[in-house]
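Structure below is query.cif: mmCIF, C-alpha atoms.
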data_upload
loop_
_atom_site.group_PDB
_atom_site.id
_atom_site.type_symbol
_atom_site.label_atom_id
_atom_site.label_comp_id
_atom_site.auth_asym_id
_atom_site.auth_seq_id
_atom_site.Cartn_x
_atom_site.Cartn_y
_atom_site.Cartn_z
ATOM 1 C CA MET A 1 -32.867 -17.895 -27.487
ATOM 2 C CA ALA A 2 -35.585 -15.405 -28.355
ATOM 3 C CA GLY A 3 -34.698 -11.935 -27.147
ATOM 4 C CA GLY A 4 -31.704 -13.294 -25.217
ATOM 5 C CA ILE A 5 -33.896 -15.072 -22.670
ATOM 6 C CA SER A 6 -33.577 -18.835 -22.374
ATOM 7 C CA ARG A 7 -36.660 -20.923 -21.769
ATOM 8 C CA VAL A 8 -36.957 -23.762 -19.249
ATOM 9 C CA TRP A 9 -38.732 -26.787 -20.691
ATOM 10 C CA PRO A 10 -40.053 -29.379 -18.175
ATOM 11 C CA VAL A 11 -39.436 -32.651 -20.016
ATOM 12 C CA GLY A 12 -42.697 -34.590 -20.311
ATOM 13 C CA ASP A 13 -44.635 -31.559 -19.044
ATOM 14 C CA SER A 14 -46.640 -32.502 -15.909
ATOM 15 C CA ALA A 15 -45.846 -36.242 -16.291
ATOM 16 C CA GLY A 16 -42.101 -35.608 -15.994
ATOM 17 C CA TRP A 17 -39.274 -37.785 -17.297
ATOM 18 C CA THR A 18 -41.120 -41.067 -17.661
ATOM 19 C CA PHE A 19 -41.922 -43.961 -20.004
ATOM 20 C CA GLY A 20 -43.220 -43.028 -23.451
ATOM 21 C CA VAL A 21 -41.808 -39.483 -23.289
ATOM 22 C CA PHE A 22 -39.960 -39.896 -26.607
ATOM 23 C CA ARG A 23 -42.653 -37.972 -28.561
ATOM 24 C CA TRP A 24 -42.639 -35.009 -26.145
ATOM 25 C CA PRO A 25 -40.097 -32.872 -28.128
ATOM 26 C CA ASN A 26 -42.157 -32.979 -31.361
ATOM 27 C CA TYR A 27 -42.892 -29.510 -32.772
ATOM 28 C CA LYS A 28 -41.344 -27.615 -29.849
ATOM 29 C CA PRO A 29 -39.229 -24.565 -30.835
ATOM 30 C CA PHE A 30 -36.072 -25.305 -28.822
ATOM 31 C CA GLU A 31 -33.269 -22.744 -29.000
ATOM 32 C CA ALA A 32 -29.604 -23.072 -28.084
ATOM 33 C CA GLY A 33 -29.320 -21.938 -24.456
ATOM 34 C CA ASP A 34 -32.756 -23.273 -23.478
ATOM 35 C CA VAL A 35 -32.809 -25.560 -20.451
ATOM 36 C CA LEU A 36 -34.381 -29.001 -20.244
ATOM 37 C CA LEU A 37 -35.687 -29.795 -16.757
ATOM 38 C CA PHE A 38 -35.772 -33.538 -16.095
ATOM 39 C CA HIS A 39 -37.964 -34.327 -13.076
ATOM 40 C CA TYR A 40 -38.132 -37.945 -11.822
ATOM 41 C CA LYS A 41 -37.685 -40.071 -8.718
ATOM 42 C CA PRO A 42 -33.952 -40.378 -7.918
ATOM 43 C CA GLY A 43 -32.686 -43.957 -7.827
ATOM 44 C CA MET A 44 -35.497 -45.106 -10.130
ATOM 45 C CA HIS A 45 -34.283 -43.342 -13.300
ATOM 46 C CA ASN A 46 -31.472 -41.107 -14.509
ATOM 47 C CA VAL A 47 -30.605 -38.892 -17.472
ATOM 48 C CA VAL A 48 -27.710 -39.704 -19.785
ATOM 49 C CA GLN A 49 -26.610 -37.599 -22.744
ATOM 50 C CA VAL A 50 -25.551 -39.925 -25.556
ATOM 51 C CA GLY A 51 -24.804 -39.904 -29.278
ATOM 52 C CA LEU A 52 -27.195 -40.947 -32.025
ATOM 53 C CA GLN A 53 -26.040 -44.576 -32.169
ATOM 54 C CA GLN A 54 -26.349 -45.038 -28.391
ATOM 55 C CA TYR A 55 -29.771 -43.352 -28.499
ATOM 56 C CA GLU A 56 -31.033 -45.672 -31.231
ATOM 57 C CA MET A 57 -29.587 -48.793 -29.571
ATOM 58 C CA CYS A 58 -30.438 -47.742 -25.974
ATOM 59 C CA GLU A 59 -26.805 -48.226 -24.992
ATOM 60 C CA LEU A 60 -24.516 -46.294 -22.673
ATOM 61 C CA SER A 61 -21.129 -45.173 -23.972
ATOM 62 C CA GLY A 62 -18.053 -44.909 -21.778
ATOM 63 C CA LYS A 63 -17.824 -41.112 -22.039
ATOM 64 C CA ALA A 64 -21.503 -40.270 -21.449
ATOM 65 C CA THR A 65 -22.590 -37.516 -19.074
ATOM 66 C CA VAL A 66 -24.970 -38.854 -16.390
ATOM 67 C CA TRP A 67 -27.339 -36.876 -14.152
ATOM 68 C CA ASN A 68 -29.197 -38.540 -11.280
ATOM 69 C CA SER A 69 -30.548 -35.871 -8.900
ATOM 70 C CA GLY A 70 -34.192 -36.204 -9.967
ATOM 71 C CA ASP A 71 -34.263 -32.477 -10.713
ATOM 72 C CA ASP A 72 -31.680 -32.148 -13.469
ATOM 73 C CA ARG A 73 -31.207 -29.056 -15.635
ATOM 74 C CA VAL A 74 -29.416 -29.437 -18.947
ATOM 75 C CA THR A 75 -28.616 -26.455 -21.177
ATOM 76 C CA LEU A 76 -29.054 -27.193 -24.872
ATOM 77 C CA ASN A 77 -26.377 -26.550 -27.459
ATOM 78 C CA ARG A 78 -27.261 -25.794 -31.075
ATOM 79 C CA GLY A 79 -28.061 -28.940 -33.075
ATOM 80 C CA MET A 80 -29.205 -32.380 -32.004
ATOM 81 C CA SER A 81 -29.021 -33.661 -28.428
ATOM 82 C CA TYR A 82 -29.960 -37.170 -27.337
ATOM 83 C CA PHE A 83 -30.971 -38.260 -23.832
ATOM 84 C CA ILE A 84 -31.878 -41.651 -22.371
ATOM 85 C CA SER A 85 -32.381 -43.228 -18.984
ATOM 86 C CA CYS A 86 -29.911 -46.102 -18.673
ATOM 87 C CA MET A 87 -31.655 -47.817 -15.772
ATOM 88 C CA PRO A 88 -32.581 -51.379 -16.826
ATOM 89 C CA GLY A 89 -35.465 -51.373 -19.327
ATOM 90 C CA ASP A 90 -36.124 -47.605 -19.187
ATOM 91 C CA CYS A 91 -34.862 -46.607 -22.638
ATOM 92 C CA GLN A 92 -36.454 -49.651 -24.273
ATOM 93 C CA ARG A 93 -39.788 -48.540 -22.798
ATOM 94 C CA GLY A 94 -39.498 -45.102 -24.411
ATOM 95 C CA MET A 95 -37.638 -43.147 -21.751
ATOM 96 C CA LYS A 96 -35.530 -41.247 -24.276
ATOM 97 C CA ILE A 97 -35.739 -38.015 -26.240
ATOM 98 C CA ALA A 98 -34.010 -36.443 -29.235
ATOM 99 C CA VAL A 99 -34.056 -32.630 -29.249
ATOM 100 C CA THR A 100 -33.093 -30.193 -31.995
ATOM 101 C CA ALA A 101 -32.119 -26.690 -30.887
ATOM 102 C CA ARG A 102 -31.761 -23.812 -33.359
#
Step by step, read the file and then write its structure as structure tokens.
Amino acid sequence: MAGGISRVWPVGDSAGWTFGVFRWPNYKPFEAGDVLLFHYKPGMHNVVQVGLQQYEMCELSGKATVWNSGDDRVTLNRGMSYFISCMPGDCQRGMKIAVTAR
């Protein structure tokens, strides 16, 4: 959090939270306290925070946090965070991201 000010990152930039977004985090300087903004059409997709194994396998765990408003804001903690859409076929089509925050 440079200078104590968190940054809001629109996931996928202008395309939003969509298929093929998995490369979007590459080379971005995320900081703990920054906010990921997931924008998508409610009912079509969702956002689920998962662990590494669930991320790699595109599976939903029983204790996962799910957002589904279409305008979801998630504050990053230090370290790795993993997000998928668990709607049928979404994650398998690249609707997932892994983010590292310093």
Just the residues within 6 Å of A:Gln49, please, counting all atoms listed in the file, with nothing from its chain fewer than 5 positions along; format it as a list of chain:residue names.
A:Ala64, A:Thr65, A:Tyr82, A:Phe83
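With distances restricted to only C-alpha atoms, A:Asn77 is the closest residue to A:Arg102 from A:Ser61, A:Asn46, A:Gln54, A:Asn77.
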State, in Å with one decimal place, the distance from atom CA of A:Thr18 to atom CA of A:Gly79.
23.6 Å
Would you translate the PyMOL selection byres ((chain A and resi 34) around 10) into the concrete set of residues it matches in this file, as a ChimeraX atom specification?
/A:1-2,5-9,29-33,35-37,73-78,101-102
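Candidate residues A:Gly12, A:Asn68, A:Ala98, A:Gln92 were compared for distance to A:His45, and the nearest is A:Asn68, using all atoms listed in the file.
Of the residues under consideration (A:Asn26, A:Ser14, A:Ser81, A:Gln53), A:Ser14 shows the shortest atom-to-atom contact distance to A:Phe38 when counting all atoms listed in the file.
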Give me the result of the PyMOL selection byres ((chain A and resi 95) around 8) on this file, residue by residue, as a ChimeraX atom specification.
/A:17-22,84-85,90-94,96-97
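Atom CA of A:Lys41 to atom CA of A:Arg23 spans 20.6 Å [interatomic distance, one decimal].
Atom to atom, atom CA of A:Gly70 and atom CA of A:Tyr40 stand 4.7 Å apart.
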Output of stretch 35-48 of chain A limited to all heavy atoms, as a PDB file, in the first residue's frame:
ATOM      1  N   VAL A  35      -7.581  -3.300  -3.525  1.00  0.00           N
ATOM      2  CA  VAL A  35      -8.910  -3.860  -3.737  1.00  0.00           C
ATOM      3  C   VAL A  35      -9.041  -4.345  -5.175  1.00  0.00           C
ATOM      4  O   VAL A  35      -8.735  -3.609  -6.120  1.00  0.00           O
ATOM      5  CB  VAL A  35     -10.004  -2.807  -3.439  1.00  0.00           C
ATOM      6  CG1 VAL A  35     -11.386  -3.347  -3.773  1.00  0.00           C
ATOM      7  CG2 VAL A  35      -9.929  -2.371  -1.983  1.00  0.00           C
ATOM      8  N   LEU A  36      -9.492  -5.585  -5.329  1.00  0.00           N
ATOM      9  CA  LEU A  36      -9.831  -6.103  -6.649  1.00  0.00           C
ATOM     10  C   LEU A  36     -11.307  -5.833  -6.886  1.00  0.00           C
ATOM     11  O   LEU A  36     -12.148  -6.164  -6.042  1.00  0.00           O
ATOM     12  CB  LEU A  36      -9.567  -7.605  -6.740  1.00  0.00           C
ATOM     13  CG  LEU A  36      -8.133  -8.067  -6.560  1.00  0.00           C
ATOM     14  CD1 LEU A  36      -8.051  -9.587  -6.696  1.00  0.00           C
ATOM     15  CD2 LEU A  36      -7.211  -7.387  -7.552  1.00  0.00           C
ATOM     16  N   LEU A  37     -11.629  -5.233  -8.024  1.00  0.00           N
ATOM     17  CA  LEU A  37     -13.012  -4.970  -8.406  1.00  0.00           C
ATOM     18  C   LEU A  37     -13.386  -5.954  -9.508  1.00  0.00           C
ATOM     19  O   LEU A  37     -12.825  -5.920 -10.599  1.00  0.00           O
ATOM     20  CB  LEU A  37     -13.175  -3.535  -8.907  1.00  0.00           C
ATOM     21  CG  LEU A  37     -14.532  -3.176  -9.510  1.00  0.00           C
ATOM     22  CD1 LEU A  37     -15.650  -3.383  -8.492  1.00  0.00           C
ATOM     23  CD2 LEU A  37     -14.518  -1.743 -10.008  1.00  0.00           C
ATOM     24  N   PHE A  38     -14.299  -6.850  -9.187  1.00  0.00           N
ATOM     25  CA  PHE A  38     -14.776  -7.857 -10.142  1.00  0.00           C
ATOM     26  C   PHE A  38     -16.098  -7.363 -10.725  1.00  0.00           C
ATOM     27  O   PHE A  38     -17.103  -7.274 -10.007  1.00  0.00           O
ATOM     28  CB  PHE A  38     -15.001  -9.200  -9.446  1.00  0.00           C
ATOM     29  CG  PHE A  38     -13.743  -9.875  -8.970  1.00  0.00           C
ATOM     30  CD1 PHE A  38     -13.205  -9.578  -7.720  1.00  0.00           C
ATOM     31  CD2 PHE A  38     -13.103 -10.816  -9.762  1.00  0.00           C
ATOM     32  CE1 PHE A  38     -12.059 -10.204  -7.264  1.00  0.00           C
ATOM     33  CE2 PHE A  38     -11.953 -11.459  -9.319  1.00  0.00           C
ATOM     34  CZ  PHE A  38     -11.430 -11.143  -8.063  1.00  0.00           C
ATOM     35  N   HIS A  39     -16.105  -7.037 -12.004  1.00  0.00           N
ATOM     36  CA  HIS A  39     -17.329  -6.562 -12.662  1.00  0.00           C
ATOM     37  C   HIS A  39     -17.769  -7.606 -13.685  1.00  0.00           C
ATOM     38  O   HIS A  39     -16.993  -8.002 -14.554  1.00  0.00           O
ATOM     39  CB  HIS A  39     -17.087  -5.215 -13.340  1.00  0.00           C
ATOM     40  CG  HIS A  39     -18.331  -4.635 -13.909  1.00  0.00           C
ATOM     41  ND1 HIS A  39     -19.337  -4.115 -13.116  1.00  0.00           N
ATOM     42  CD2 HIS A  39     -18.760  -4.532 -15.175  1.00  0.00           C
ATOM     43  CE1 HIS A  39     -20.331  -3.715 -13.892  1.00  0.00           C
ATOM     44  NE2 HIS A  39     -20.004  -3.953 -15.139  1.00  0.00           N
ATOM     45  N   TYR A  40     -19.039  -8.044 -13.580  1.00  0.00           N
ATOM     46  CA  TYR A  40     -19.582  -9.089 -14.459  1.00  0.00           C
ATOM     47  C   TYR A  40     -21.102  -9.057 -14.355  1.00  0.00           C
ATOM     48  O   TYR A  40     -21.669  -8.367 -13.494  1.00  0.00           O
ATOM     49  CB  TYR A  40     -19.046 -10.470 -14.055  1.00  0.00           C
ATOM     50  CG  TYR A  40     -19.330 -10.807 -12.610  1.00  0.00           C
ATOM     51  CD1 TYR A  40     -20.466 -11.523 -12.247  1.00  0.00           C
ATOM     52  CD2 TYR A  40     -18.480 -10.368 -11.596  1.00  0.00           C
ATOM     53  CE1 TYR A  40     -20.735 -11.798 -10.921  1.00  0.00           C
ATOM     54  CE2 TYR A  40     -18.747 -10.646 -10.263  1.00  0.00           C
ATOM     55  CZ  TYR A  40     -19.877 -11.363  -9.933  1.00  0.00           C
ATOM     56  OH  TYR A  40     -20.155 -11.636  -8.621  1.00  0.00           O
ATOM     57  N   LYS A  41     -21.750  -9.828 -15.200  1.00  0.00           N
ATOM     58  CA  LYS A  41     -23.213  -9.888 -15.188  1.00  0.00           C
ATOM     59  C   LYS A  41     -23.678 -10.868 -14.108  1.00  0.00           C
ATOM     60  O   LYS A  41     -23.370 -12.059 -14.175  1.00  0.00           O
ATOM     61  CB  LYS A  41     -23.730 -10.328 -16.557  1.00  0.00           C
ATOM     62  CG  LYS A  41     -25.226 -10.271 -16.672  1.00  0.00           C
ATOM     63  CD  LYS A  41     -25.701 -10.530 -18.082  1.00  0.00           C
ATOM     64  CE  LYS A  41     -27.200 -10.385 -18.154  1.00  0.00           C
ATOM     65  NZ  LYS A  41     -27.693 -10.556 -19.511  1.00  0.00           N
ATOM     66  N   PRO A  42     -24.393 -10.364 -13.088  1.00  0.00           N
ATOM     67  CA  PRO A  42     -24.871 -11.253 -12.017  1.00  0.00           C
ATOM     68  C   PRO A  42     -25.733 -12.381 -12.582  1.00  0.00           C
ATOM     69  O   PRO A  42     -26.468 -12.193 -13.542  1.00  0.00           O
ATOM     70  CB  PRO A  42     -25.708 -10.334 -11.125  1.00  0.00           C
ATOM     71  CG  PRO A  42     -25.302  -8.950 -11.472  1.00  0.00           C
ATOM     72  CD  PRO A  42     -24.843  -8.986 -12.903  1.00  0.00           C
ATOM     73  N   GLY A  43     -25.599 -13.567 -11.972  1.00  0.00           N
ATOM     74  CA  GLY A  43     -26.354 -14.725 -12.427  1.00  0.00           C
ATOM     75  C   GLY A  43     -25.638 -15.503 -13.517  1.00  0.00           C
ATOM     76  O   GLY A  43     -25.902 -16.688 -13.705  1.00  0.00           O
ATOM     77  N   MET A  44     -24.738 -14.835 -14.243  1.00  0.00           N
ATOM     78  CA  MET A  44     -23.965 -15.505 -15.292  1.00  0.00           C
ATOM     79  C   MET A  44     -22.647 -16.044 -14.745  1.00  0.00           C
ATOM     80  O   MET A  44     -22.146 -17.068 -15.194  1.00  0.00           O
ATOM     81  CB  MET A  44     -23.671 -14.550 -16.446  1.00  0.00           C
ATOM     82  CG  MET A  44     -24.899 -14.045 -17.169  1.00  0.00           C
ATOM     83  SD  MET A  44     -25.761 -15.351 -18.061  1.00  0.00           S
ATOM     84  CE  MET A  44     -24.576 -15.728 -19.328  1.00  0.00           C
ATOM     85  N   HIS A  45     -22.041 -15.308 -13.798  1.00  0.00           N
ATOM     86  CA  HIS A  45     -20.753 -15.663 -13.222  1.00  0.00           C
ATOM     87  C   HIS A  45     -20.797 -15.350 -11.727  1.00  0.00           C
ATOM     88  O   HIS A  45     -21.776 -14.799 -11.240  1.00  0.00           O
ATOM     89  CB  HIS A  45     -19.620 -14.864 -13.890  1.00  0.00           C
ATOM     90  CG  HIS A  45     -19.647 -14.911 -15.373  1.00  0.00           C
ATOM     91  ND1 HIS A  45     -19.397 -16.057 -16.087  1.00  0.00           N
ATOM     92  CD2 HIS A  45     -19.910 -13.951 -16.295  1.00  0.00           C
ATOM     93  CE1 HIS A  45     -19.498 -15.798 -17.381  1.00  0.00           C
ATOM     94  NE2 HIS A  45     -19.814 -14.532 -17.533  1.00  0.00           N
ATOM     95  N   ASN A  46     -19.724 -15.675 -11.031  1.00  0.00           N
ATOM     96  CA  ASN A  46     -19.556 -15.286  -9.646  1.00  0.00           C
ATOM     97  C   ASN A  46     -18.060 -15.211  -9.358  1.00  0.00           C
ATOM     98  O   ASN A  46     -17.240 -15.423 -10.249  1.00  0.00           O
ATOM     99  CB  ASN A  46     -20.300 -16.231  -8.694  1.00  0.00           C
ATOM    100  CG  ASN A  46     -19.813 -17.659  -8.777  1.00  0.00           C
ATOM    101  OD1 ASN A  46     -18.747 -17.961  -9.290  1.00  0.00           O
ATOM    102  ND2 ASN A  46     -20.615 -18.575  -8.272  1.00  0.00           N
ATOM    103  N   VAL A  47     -17.708 -14.904  -8.140  1.00  0.00           N
ATOM    104  CA  VAL A  47     -16.317 -14.853  -7.707  1.00  0.00           C
ATOM    105  C   VAL A  47     -16.209 -15.697  -6.445  1.00  0.00           C
ATOM    106  O   VAL A  47     -16.997 -15.507  -5.514  1.00  0.00           O
ATOM    107  CB  VAL A  47     -15.856 -13.409  -7.397  1.00  0.00           C
ATOM    108  CG1 VAL A  47     -14.422 -13.395  -6.904  1.00  0.00           C
ATOM    109  CG2 VAL A  47     -16.023 -12.515  -8.612  1.00  0.00           C
ATOM    110  N   VAL A  48     -15.263 -16.624  -6.440  1.00  0.00           N
ATOM    111  CA  VAL A  48     -15.073 -17.502  -5.294  1.00  0.00           C
ATOM    112  C   VAL A  48     -13.598 -17.477  -4.922  1.00  0.00           C
ATOM    113  O   VAL A  48     -12.740 -17.699  -5.775  1.00  0.00           O
ATOM    114  CB  VAL A  48     -15.495 -18.955  -5.621  1.00  0.00           C
ATOM    115  CG1 VAL A  48     -15.380 -19.829  -4.381  1.00  0.00           C
ATOM    116  CG2 VAL A  48     -16.909 -19.005  -6.186  1.00  0.00           C
TER     117      VAL A  48
END
